[in-house]
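In what follows, a single structure is set out as structure tokens and then discussed.
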Amino acid sequence: MSVETLSLEALLATIQPDAHAIAEGRRRMIDVWHGRPTDSLPLCFGAVPPQGVMPNTDMRRHVNDPDQMLYDTAVGLAATARAGSDAQLALRVNTGTGTLATAAGCGQLPSDHGLPWTEHITRAQIDAFDPDTNLATLGLLPQLKAWYARFRAQLPTCVGFFCADTQGPFALAHLLYGDDIFYDVYDDPGFVHALLEKTTALYINATRLMKEWIGEPLDGGLHFSFALANGGVRACEDTSTLLAPNTIDTFVLPYQARALAPFGGGFIHYCGNHDALYRGCVDNPWVRGLNFGNPERHDFSVILPELIARGKCYAGEINRLDDESLDAYFRRVVGYTQGAKRGLILTPVLHPDETADPARVLDTWRGVQE
């Protein structure tokens, strides 16, 4: 039997979450970000999306057409709403990692298959860029403001917003200047420090603007399915994983701390694995938690007890072993917390039959914590 393709309006109408589940999830995540025990560790996942969704593989259209961007994102929101997990419903204007770099004059390199990459700018353009002046009028920032307002008018009130991709001070410096930054941390450190002063200000000022536009507090808010508290931002350190430990100490960690401080702290994301970067993030008092792009490269039996002991948390995915049952997977993950009911917000790895039965997933998760 054929299924009618859902229009954008019809798709948005399917976003009907359990308000109690949303509120309870928010409460639990606020506990975790504050380092407090909670009644059940938060679990964030989506169920099967509604039938009739029209798939989109044209990323150029996703970036350039606000209705297509909203449609693509609403598919996940509808699936999340159907699960009834602790996950929050939120979206961002999704214009890629170089979104803030466009304010400094960087162009975007479009792709058919992914979000745009960034065209770097010259030293002269970097010298001329002032992140403290008229930022709301530069690059993609005016579009962000307009599209957030457009989405608010189209979406049900149960859906919130979070900031477009901000990256972090060193990642933004790399986006502006390109790979020469890896030489100049040795050959011209004074220039790199001056560049990081500008990208730190860019991160702070642009984030403040976006939070104002979406009505989000400085020290809290949303990020994908997470409710944030005790710190209101995420910063990315993907580029920093390419650096030597002493370079991280000099060019990454001080600016990371300065970027997070105006927002009461925040959490750090990075892909890969880097012991010195991990240690620097854990030791940074403004870092409230971590999110790994490659969780399979980390030993959570060591990391989670340390984060819990430091009053921090891990928010994200933890890898699932081949042929590991749902009950065994959840028992292993919960075991890393040593019964603390603190320090973890999990986005689980689920099989298709499990996403089709979200009540069983939730019952299993709650049950292994009793």
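Residue numbers start at 1 in each chain; chains themselves are named A, B, ... in the order of the structure tokens; ligands are numbered from 1 in the order shown.
Near A:Gly215, within 12 Å and counting only C-alpha atoms, sit Lys145, Tyr148, Ala149, Arg152, Gly160, Phe161, Phe162, Cys163, Thr207, Arg208, Leu209, Gly221 and Leu222 of chain A; same-chain residues fewer than 6 positions away were not included.
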Would you put the residues from that selection into a file with C-alpha atoms, as a PDB file, in the first residue's frame?
```pdb
ATOM      1  CA  LYS A 145      18.433  35.985  12.847  1.00  0.00           C
ATOM      2  CA  TYR A 148      15.334  31.684  13.565  1.00  0.00           C
ATOM      3  CA  ALA A 149      12.373  34.070  13.464  1.00  0.00           C
ATOM      4  CA  ARG A 152       9.674  30.140  15.348  1.00  0.00           C
ATOM      5  CA  GLY A 160      13.105  25.140  21.175  1.00  0.00           C
ATOM      6  CA  PHE A 161      16.262  26.428  19.532  1.00  0.00           C
ATOM      7  CA  PHE A 162      19.992  26.343  20.073  1.00  0.00           C
ATOM      8  CA  CYS A 163      22.901  28.264  18.625  1.00  0.00           C
ATOM      9  CA  THR A 207      26.920  33.395  20.889  1.00  0.00           C
ATOM     10  CA  ARG A 208      25.478  36.247  22.934  1.00  0.00           C
ATOM     11  CA  LEU A 209      23.671  37.550  19.858  1.00  0.00           C
ATOM     12  CA  GLY A 221      19.663  26.414  27.178  1.00  0.00           C
ATOM     13  CA  LEU A 222      19.534  23.530  24.731  1.00  0.00           C
TER      14      LEU A 222
END
```
Using only C-alpha atoms, what table do you get, as a Markdown table, when you list each residue of stretch 192-262 of chain A with an atom no more than 8 Å from stretch 29-39 of chain A, its nearest pair of atoms, and their distance in Å rounded to one decimal, rows by chain then rising number?
```
| residue | atom | partner | partner_atom | distance |
| --- | --- | --- | --- | --- |
| A:Phe226 | CA | A:Met29 | CA | 7.4 |
| A:Ala227 | CA | A:Met29 | CA | 6.1 |
| A:Leu228 | CA | A:Ile30 | CA | 6.7 |
| A:Ala229 | CA | A:Ile30 | CA | 5.4 |
| A:Asn230 | CA | A:His34 | CA | 5.9 |
```
Handout entry: Nearby residues (only C-alpha atoms) at most 12 Å from stretch 335-342 of chain A, same-chain spacing under 6 positions excluded, as a PyMOL selection string
Key = chain A and resi 28-42+289+299-315+318+327-329+366+368-370
Create the file for the chosen residues now, containing C-alpha atoms and written as a short mmCIF file (atom, residue, chain, number, x, y, z; two decimals), in the first residue's frame.
```
data_model
loop_
_atom_site.label_atom_id
_atom_site.label_comp_id
_atom_site.auth_asym_id
_atom_site.auth_seq_id
_atom_site.Cartn_x
_atom_site.Cartn_y
_atom_site.Cartn_z
CA ARG A 28 17.27 15.03 35.24
CA MET A 29 19.77 16.72 32.94
CA ILE A 30 19.90 19.82 35.13
CA ASP A 31 20.81 17.54 38.03
CA VAL A 32 23.59 15.92 36.03
CA TRP A 33 25.11 19.20 34.82
CA HIS A 34 25.21 20.38 38.43
CA GLY A 35 26.97 17.19 39.52
CA ARG A 36 23.97 16.05 41.55
CA PRO A 37 22.49 12.54 41.68
CA THR A 38 19.14 12.14 39.99
CA ASP A 39 16.38 9.54 40.13
CA SER A 40 17.31 7.99 36.76
CA LEU A 41 20.20 8.89 34.50
CA PRO A 42 18.91 10.75 31.41
CA GLY A 289 31.26 18.02 30.68
CA ASP A 299 37.87 3.94 28.08
CA PHE A 300 34.72 4.91 29.95
CA SER A 301 35.58 2.62 32.85
CA VAL A 302 38.27 5.20 33.64
CA ILE A 303 36.71 8.38 32.27
CA LEU A 304 33.27 8.26 33.87
CA PRO A 305 34.45 7.67 37.46
CA GLU A 306 36.94 10.53 37.05
CA LEU A 307 34.34 12.91 35.65
CA ILE A 308 31.93 12.02 38.45
CA ALA A 309 34.63 12.59 41.05
CA ARG A 310 35.32 16.02 39.53
CA GLY A 311 31.63 16.99 39.47
CA LYS A 312 31.51 16.83 35.66
CA CYS A 313 29.68 14.61 33.19
CA TYR A 314 29.78 12.86 29.86
CA ALA A 315 26.91 13.65 27.49
CA ILE A 318 28.92 5.19 24.34
CA ASP A 327 20.14 -5.27 28.78
CA ALA A 328 23.86 -6.15 28.76
CA TYR A 329 24.75 -2.87 27.03
CA ARG A 366 15.24 2.39 34.23
CA VAL A 368 19.05 -1.69 35.30
CA GLN A 369 19.39 1.31 37.65
CA GLU A 370 17.13 -0.09 40.35
#
```
Handout entry: Close residues, A:Thr5 itself excluded, 9 Å, only C-alpha atoms, min 4 positions apart in chain, as an NGL selection string
Key = :A and (51-54)
Got a sec: who's within 6 Å of stretch 69-82 of chain A, counting only C-alpha atoms, leaving out chain neighbours fewer than 3 positions off, as a short mmCIF file (atom, residue, chain, number, x, y, z; two decimals) with N, CA and C atoms, in the first residue's frame?
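File part38.cif, as written:
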```cif
data_model
loop_
_atom_site.label_atom_id
_atom_site.label_comp_id
_atom_site.auth_asym_id
_atom_site.auth_seq_id
_atom_site.Cartn_x
_atom_site.Cartn_y
_atom_site.Cartn_z
N LEU A 8 5.54 19.70 4.52
CA LEU A 8 6.18 20.30 5.69
C LEU A 8 5.15 20.56 6.78
N ILE A 15 4.68 16.44 15.35
CA ILE A 15 5.54 16.66 16.50
C ILE A 15 4.66 16.92 17.71
N PRO A 17 4.97 15.79 21.42
CA PRO A 17 5.69 15.08 22.50
C PRO A 17 4.85 14.95 23.76
N GLY A 46 15.57 8.74 19.76
CA GLY A 46 14.37 8.90 18.96
C GLY A 46 13.81 7.56 18.55
N ALA A 47 12.52 7.55 18.26
CA ALA A 47 11.84 6.36 17.76
C ALA A 47 11.84 6.39 16.23
N VAL A 48 11.05 5.52 15.65
CA VAL A 48 10.92 5.49 14.20
C VAL A 48 10.16 6.74 13.74
N PRO A 49 10.64 7.45 12.72
CA PRO A 49 9.93 8.65 12.25
C PRO A 49 8.60 8.29 11.63
N HIS A 62 19.50 21.92 1.32
CA HIS A 62 19.33 21.99 2.78
C HIS A 62 19.86 23.32 3.32
N PRO A 66 15.29 27.50 3.42
CA PRO A 66 14.90 27.34 4.83
C PRO A 66 13.81 26.31 5.06
#
```
Practice task
Rank nothing, just name the residue among A:Leu172, A:Ala13, A:Ala259, A:Ala87 nearest to A:Gly231, using only C-alpha atoms.
Solution key: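 Residue with the minimum atom-to-atom distance to A:Gly231: A:Ala259.
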Handout entry: DSSP-assigned strand (DSSP E or B) members of stretch 41-214 of chain A, reported as an MDAnalysis selection string
Key = chainID A and resid 43 90:91 108:109 117:118 160:161
Expected file contents, prior selection, N, CA and C atoms, as a compact mmCIF listing (two decimals), in the first residue's frame:
```
# COMPACT_ATOMS: atom_id res chain seq x y z
N LEU A 43 18.29 9.50 29.43
CA LEU A 43 18.46 8.72 28.21
C LEU A 43 17.77 9.46 27.07
N ALA A 90 14.76 20.42 19.98
CA ALA A 90 15.41 21.68 19.65
C ALA A 90 16.09 21.58 18.29
N LEU A 91 16.22 22.72 17.62
CA LEU A 91 16.93 22.76 16.35
C LEU A 91 17.73 24.05 16.26
N GLN A 108 32.03 30.42 1.83
CA GLN A 108 31.68 29.02 2.05
C GLN A 108 31.88 28.22 0.78
N LEU A 109 32.35 26.99 0.95
CA LEU A 109 32.55 26.06 -0.16
C LEU A 109 31.42 25.04 -0.12
N TRP A 117 32.25 23.72 3.67
CA TRP A 117 33.54 24.02 4.29
C TRP A 117 33.81 25.49 4.08
N THR A 118 34.97 25.97 4.49
CA THR A 118 35.24 27.40 4.59
C THR A 118 36.41 27.82 3.70
N GLY A 160 12.23 24.02 20.86
CA GLY A 160 13.11 25.14 21.17
C GLY A 160 14.23 25.26 20.16
N PHE A 161 15.16 26.16 20.44
CA PHE A 161 16.26 26.43 19.53
C PHE A 161 17.58 26.40 20.28
```
Problem - Distance in Å - atom CA of A:Lys211 versus atom CA of A:Leu290 - result: 21.3 Å
Could you name the residues that touch A:Leu277 at 10 Å or less, counting only C-alpha atoms, but leaving out those on the same chain fewer than 2 positions away, as a PDB file with C-alpha atoms, in the first residue's frame?
```pdb
ATOM      1  CA  GLU A 237      38.204  21.258  19.878  1.00  0.00           C
ATOM      2  CA  SER A 240      43.152  20.879  18.791  1.00  0.00           C
ATOM      3  CA  THR A 241      43.586  17.096  18.620  1.00  0.00           C
ATOM      4  CA  LEU A 242      46.283  17.751  15.975  1.00  0.00           C
ATOM      5  CA  LEU A 243      48.454  19.751  18.374  1.00  0.00           C
ATOM      6  CA  ALA A 244      51.326  18.854  20.698  1.00  0.00           C
ATOM      7  CA  PRO A 245      50.604  18.989  24.449  1.00  0.00           C
ATOM      8  CA  ILE A 248      47.506  22.936  23.644  1.00  0.00           C
ATOM      9  CA  ASP A 249      48.595  24.412  26.968  1.00  0.00           C
ATOM     10  CA  VAL A 252      44.039  26.233  23.331  1.00  0.00           C
ATOM     11  CA  LEU A 253      43.259  25.970  27.030  1.00  0.00           C
ATOM     12  CA  TYR A 270      35.999  16.757  19.989  1.00  0.00           C
ATOM     13  CA  ASN A 273      41.450  10.986  21.132  1.00  0.00           C
ATOM     14  CA  HIS A 274      44.166  13.104  22.761  1.00  0.00           C
ATOM     15  CA  ASP A 275      45.267  12.508  26.336  1.00  0.00           C
ATOM     16  CA  ARG A 279      43.413  16.288  30.746  1.00  0.00           C
ATOM     17  CA  GLY A 280      43.305  20.010  30.009  1.00  0.00           C
ATOM     18  CA  CYS A 281      39.530  19.953  29.597  1.00  0.00           C
ATOM     19  CA  VAL A 282      38.994  17.994  32.800  1.00  0.00           C
ATOM     20  CA  ASP A 283      41.233  20.412  34.706  1.00  0.00           C
TER      21      ASP A 283
END
```
Completion exercise
Of A:Leu176, A:Ala146, A:Cys106, A:Ile345, the one sitting nearest A:Trp213 when using only C-alpha atoms is A:Ala146
Just asking: which residues within stretch 115-283 of chain A are alpha helix (DSSP H) according to DSSP, as a CSV table (one decimal) with C-alpha atoms, in the first residue's frame?
```csv
chain,number,residue,atom,x,y,z
A,123,ARG,CA,46.4,38.1,7.2
A,124,ALA,CA,45.4,41.6,6.0
A,125,GLN,CA,41.7,40.6,6.2
A,126,ILE,CA,42.2,39.1,9.7
A,127,ASP,CA,44.0,42.3,10.8
A,128,ALA,CA,41.0,44.4,9.5
A,141,LEU,CA,24.6,36.5,11.0
A,142,PRO,CA,21.7,38.4,9.5
A,143,GLN,CA,20.4,35.3,7.8
A,144,LEU,CA,20.6,33.4,11.1
A,145,LYS,CA,18.4,36.0,12.8
A,146,ALA,CA,15.9,35.9,10.0
A,147,TRP,CA,15.7,32.2,9.8
A,148,TYR,CA,15.3,31.7,13.6
A,149,ALA,CA,12.4,34.1,13.5
A,150,ARG,CA,10.9,32.2,10.5
A,151,PHE,CA,11.3,28.8,12.1
A,152,ARG,CA,9.7,30.1,15.3
A,153,ALA,CA,6.6,31.2,13.4
A,154,GLN,CA,6.3,27.8,11.7
A,169,PRO,CA,38.5,29.8,19.6
A,170,PHE,CA,41.2,27.6,18.1
A,171,ALA,CA,38.9,25.9,15.6
A,172,LEU,CA,37.7,29.3,14.5
A,173,ALA,CA,41.3,30.5,14.1
A,174,HIS,CA,42.0,27.5,11.9
A,175,LEU,CA,38.8,28.2,9.8
A,176,LEU,CA,39.9,31.8,9.3
A,177,TYR,CA,43.6,31.3,8.6
A,181,ILE,CA,48.3,28.0,11.7
A,182,PHE,CA,50.1,24.7,12.5
A,183,TYR,CA,53.4,26.3,11.4
A,184,ASP,CA,52.8,29.7,12.9
A,185,VAL,CA,52.3,28.4,16.4
A,186,TYR,CA,56.1,27.9,16.2
A,187,ASP,CA,57.1,30.5,13.5
A,189,PRO,CA,53.3,32.8,17.9
A,190,GLY,CA,52.5,36.5,18.4
A,191,PHE,CA,50.3,36.5,15.4
A,192,VAL,CA,48.5,33.4,16.5
A,193,HIS,CA,47.8,34.9,19.9
A,194,ALA,CA,46.4,38.0,18.2
A,195,LEU,CA,44.2,35.8,16.0
A,196,LEU,CA,43.0,33.9,19.0
A,197,GLU,CA,42.1,37.1,20.8
A,198,LYS,CA,39.8,37.9,17.8
A,199,THR,CA,38.3,34.4,17.5
A,200,THR,CA,37.6,34.3,21.2
A,201,ALA,CA,35.7,37.6,21.0
A,202,LEU,CA,33.9,36.3,17.9
A,203,TYR,CA,32.8,33.2,19.7
A,204,ILE,CA,31.6,35.2,22.7
A,205,ASN,CA,29.9,38.0,20.9
A,206,ALA,CA,28.2,35.8,18.3
A,207,THR,CA,26.9,33.4,20.9
A,208,ARG,CA,25.5,36.2,22.9
A,209,LEU,CA,23.7,37.6,19.9
A,210,MET,CA,22.2,34.2,19.0
A,211,LYS,CA,21.1,33.5,22.5
A,212,GLU,CA,19.3,36.9,22.5
A,213,TRP,CA,17.6,36.1,19.2
A,214,ILE,CA,16.3,32.7,20.4
A,245,PRO,CA,50.6,19.0,24.4
A,246,ASN,CA,52.6,22.2,25.1
A,247,THR,CA,50.9,23.8,22.1
A,248,ILE,CA,47.5,22.9,23.6
A,249,ASP,CA,48.6,24.4,27.0
A,250,THR,CA,49.6,27.7,25.3
A,251,PHE,CA,47.2,28.2,22.5
A,253,LEU,CA,43.3,26.0,27.0
A,254,PRO,CA,43.6,29.6,28.0
A,255,TYR,CA,41.3,30.8,25.2
A,256,GLN,CA,38.9,27.9,25.9
A,257,ALA,CA,38.5,29.1,29.5
A,258,ARG,CA,37.9,32.7,28.4
A,259,ALA,CA,35.3,31.6,25.9
A,260,LEU,CA,33.3,29.6,28.4
A,275,ASP,CA,45.3,12.5,26.3
A,276,ALA,CA,46.7,16.0,26.9
A,277,LEU,CA,43.6,17.7,25.5
A,278,TYR,CA,41.4,15.5,27.7
A,279,ARG,CA,43.4,16.3,30.7
A,280,GLY,CA,43.3,20.0,30.0
A,281,CYS,CA,39.5,20.0,29.6
A,282,VAL,CA,39.0,18.0,32.8
A,283,ASP,CA,41.2,20.4,34.7
```
Handout entry: For atom CA of A:Gly265 and atom CA of A:Gly168, the interatomic separation in Å (one decimal)
Key = 13.1 Å
Exercise for the section: Using atom CA of A:Gly343 and atom CA of A:Ala164 as the two end points, give the distance in Å to one decimal. Expected result: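 Interatomic distance, atom CA of A:Gly343 to atom CA of A:Ala164: 26.0 Å.
Using only C-alpha atoms, the nearest neighbour of A:Arg234 within the list A:Ala261, A:Ala136, A:Leu155, A:Ala356 is A:Ala261.
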Problem - Test item: residues at most 9 Å from A:His20, only C-alpha atoms, excluding those fewer than 4 positions along its chain, as a PyMOL selection string - result: chain A and resi 24-25+84
Problem - Shortest interatomic distance to A:Thr95 - which of A:His223, A:Arg60, A:Arg320, A:His120, counting only C-alpha atoms - result: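 Among the listed residues, A:Arg60 lies closest to A:Thr95.
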Problem - Which of A:Ala359, A:Glu119, A:Phe263, A:Cys271 sits closest to A:Gly105 [using only C-alpha atoms] - result: A:Glu119
